[in-house]
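S.K.: Next up is a structure, given as structure tokens.
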Amino acid sequence: GPAPESREIALDWIASHKGRFGLFVDGGWTPPASGQWFTSTNPATSEALAEIAAADASDVDAAVAAARKAQGDWATLGGHGRARHLYSLARAIQRNARLLAVLESLDNGKPVRETRDIDIPLVARHFYHHAGWAQLQGSELAGYSPMGVIGQIIPWNFPLLMLAWKIAPAIAAGNTVVLKPAEFTSLTALCFAEICKDAGLPDGVVNIVTGDGATGELIVGHKDVDKIAFTGSTEVGRRIRAATAGSGKHLTLELGGKSPFIVFDDADMDSAVEGVVDAIWFNQGQVCCAGSRLLVQEGISDRIIAKLKARMETLRLGDPLDKCIDMGAIVAPVQLQTIQTLVEKGQAEGAELWQPGWAVPKEGCFYPPTLFTNVAPAATIAQEEIFGPVVVVMTFRTPDEAIKIANNTRYGLAASIWSENINLALDVAPKLDCGVVWINSTNQFDAACGFGGNRESGFSREGGLEGMMEVLKPRFENTLPAYQTT
Ligand code: NAD
């Protein structure tokens with residue numbers, strides 16, 4: 001196959017910052033007030049990539065103050081003015097696509113084929129799309145004003161894409177932001193900061209503060225932040241909801257999932273098997289809407305499982321920069337440990353584990369694609385989000401039973417239905433308690449389409465009109481027609 005993508009482009013960029021990244025506040029780089037730094041590592045090789053600033057309370061104060069200072073001018077710049085900035089950010093992302101794709105792959109461990117073909121194009125698409133929304137300020141969005149300063153906290157599974165989902169709508173609407181990337185994957189957010197600067201975005205509109213959960217808590221608790229937008233685990237989401245209760249802060253939560261992938265006996269089986277590969281092994285299963293529960297109609301379950309095992313044998317796992325591989329590394333040793341612990345629990349509770357015969361690289365954070373059969377509905381692995389390349393199989397007899405099993409978790413993010421009978425699929429879809437349903441497909445995202453969950457998967461939508469409504473507030477006094485005021 002082709003040679004692995006060269007890592008030089010990303011290592012050169014890191015070297016241009018002397019391997020050390022301060023905080024991006026008010027359009028410039030500042031060292032952390034505490035003098036504390038942490039290391040970002042490549043999970044495929046365990047090599048250190050860069051030193052990242054750990055922001056403390058005074059750093060967060062400075063970032064929020066910069067965002068507050070910039071917000072008025074940014075809002076009064078108007079929709080067309082902001083749209084020009086979003087378009088130029090989108091174009092700058094495309095110009096830097098190769099650097100961003102390699103950097104994301106090195107920092108996160110995900111295959112460069114995915115960052116190149118999925119993450120980065122979707123990031124650019126998000127900015128292009130939201131440039132359009134900015135222009136609707138005087139028309140469709142008349143009567144709405146920005147919320148002000150938004151604190152944004154994101155996870156490590158799609159570092160730059162989650163940044164785009166947060167920043168593009170927020171700044172399109174006239175807000176300014178303080179964003180904290182996850183501690184394992186800060187580098188593309190910092191590269192994006194540099195792109196903002198080079199593209200001429202006004203200082204203070206986008207501020208990037210790095211650090212772990214403690215820095216996140218400081219943003220959540222800051223008095224001068226108008227809204228918190230969080231994507232991450234349900235556990236942390238619950239804490240943030242409690243911490244913001246009664247504060248008057250707006251809040252959006254995009255949390256975990258345990259999404260069902262339902263295959264009826266009339267489905268096109270080969271397509272469904274490819275769908276499973278995408279649903280649970282894309283990004284090593286570290287996907288909030290991963291189809292981690294495979295529900296198969298009884299009559300076809302042996303055949304589907306046999307086909308799936310054969311397909312698993314052909315999956316290639318290895319160097320994320322190798323464009324021929326299907327699966328890369330798990331983000332960090334601690335996440336690998338979580339996966340191992342849950343898999344052991346699955347076996348201890350009586351489920352049957354199956355993994356392909358090929359060997360997994362010994363160095364680096366790798367975990368093979370894993371299939372569990374004979375899974376009890378109440379088993380831990382059937383209920384808890386594993387956030388790794390592990391799928392559990394359960395069978396059902398009737399559509400009603402499929403719906404019952406599908407809804408039998410505390411989550412409600414996404415679902416995928418596979419059937420050649422479109423009436424059946426359209427009958428089942430609205431009965432699934434979740435935010436997104438795909439029919440004969442999976443993992444379809446678009447900037448124009450609101451994405452988000454129900455129940456313990458959160459209560460917000462990102463993308464499209466629904467996403468814009470999360471970063472705007474109604475301004476009723478300006479919406480009254482003239483005749484009502486006389
Ligand atoms: P996490 O909750 O551990 O961390 C997410 C972010 O929150 C990180 O930046 C972290 O530093 C920060 N954080 C941690 N503790 C905090 C605290 N007390 N206060 C404020 N911030 C804090 O989640 P993760 O492991 O990074 O990401 C995986 C999770 O994210 C999974 O559960 C996944 O399903 C979810 N996720 C959801 C969506 C969605 O759109 N619904 C998308 C991607 C990921």
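Going by the structure tokens order, chains are called A, B, ..., each with residues numbered from 1, while ligands are numbered from 1 in the order shown.
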Any residue with an atom at most 8 Å from ligand 1 counts, using only C-alpha atoms and all ligand atoms. Which are they? Put them as JSON, numbers by chain.
M.R.: {"A": [153, 154, 155, 156, 157, 158, 162, 180, 181, 182, 183, 211, 212, 213, 214, 215, 216, 217, 218, 219, 220, 230, 231, 232, 233, 234, 235, 236, 237, 239, 240, 253, 254, 255, 256, 257, 286, 287, 288, 289, 335, 385, 387, 413, 451, 452, 453, 457, 458, 462]}
S.K.: If you run DSSP on the backbone, which residues of stretch 127-197 of chain A are helix (DSSP H, G or I), as an NGL selection string?
M.R.: :A and (127-135 or 159-172 or 187-197)
S.K.: Please identify the strand (DSSP E) residues within stretch 190-259 of chain A (assignment by DSSP from backbone atoms) and present them as a PyMOL selection string.
M.R.: chain A and resi 206-208+227-231+250-254
S.K.: Any idea what the distance is between atom CA of A:Ala54 and atom CA of A:Thr30?
M.R.: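 Atom CA of A:Ala54 sits 11.3 Å away from atom CA of A:Thr30.
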S.K.: So, counting only C-alpha atoms, which residue among A:Gly143, A:Gly248, A:Pro4, A:Gly463 is closest to A:Val102?
M.R.: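 Residue with the minimum atom-to-atom distance to A:Val102: A:Pro4.
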S.K.: Excluding A:Ile52 and residues on its chain fewer than 3 positions from it, collect all residues at most 12 Å away from it, counting only C-alpha atoms, and give them as number ranges by chain.
M.R.: A: 14, 17-24, 29-32, 35-41, 48-49, 55, 181-190, 208-212
S.K.: Give me the residues near stretch 360-372 of chain A as a list in words, where near means some atom within 7 Å (using only C-alpha atoms) and where sequence neighbours in that chain fewer than 5 positions away do not count.
M.R.: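 Residues meeting the cut-off are Pro43, Ala44, Thr45, Ser46, Trp281, Met312, Gly318, Ala329, Ile330, Ala332, Pro333, Leu336, Ala351, Glu352, Leu353, Trp354, Gln355, Pro389, Val390, Val391, Val392 and Val393 of chain A.
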S.K.: So, with only C-alpha atoms as the atoms that count, which of A:Gly148, A:Pro2, A:Gly109, A:Gly78 lies closest to A:Leu136?
M.R.: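 Of A:Gly148, A:Pro2, A:Gly109, A:Gly78, the one nearest A:Leu136, counting only C-alpha atoms, is A:Gly78.
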S.K.: Taking into account only C-alpha atoms, which residue in the set A:Trp358, A:Ile262, A:Lys473, A:Ala406 is nearest to A:Ala425?
M.R.: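 Checking each of A:Trp358, A:Ile262, A:Lys473, A:Ala406 against A:Ala425, counting only C-alpha atoms, the winner is A:Ile262.
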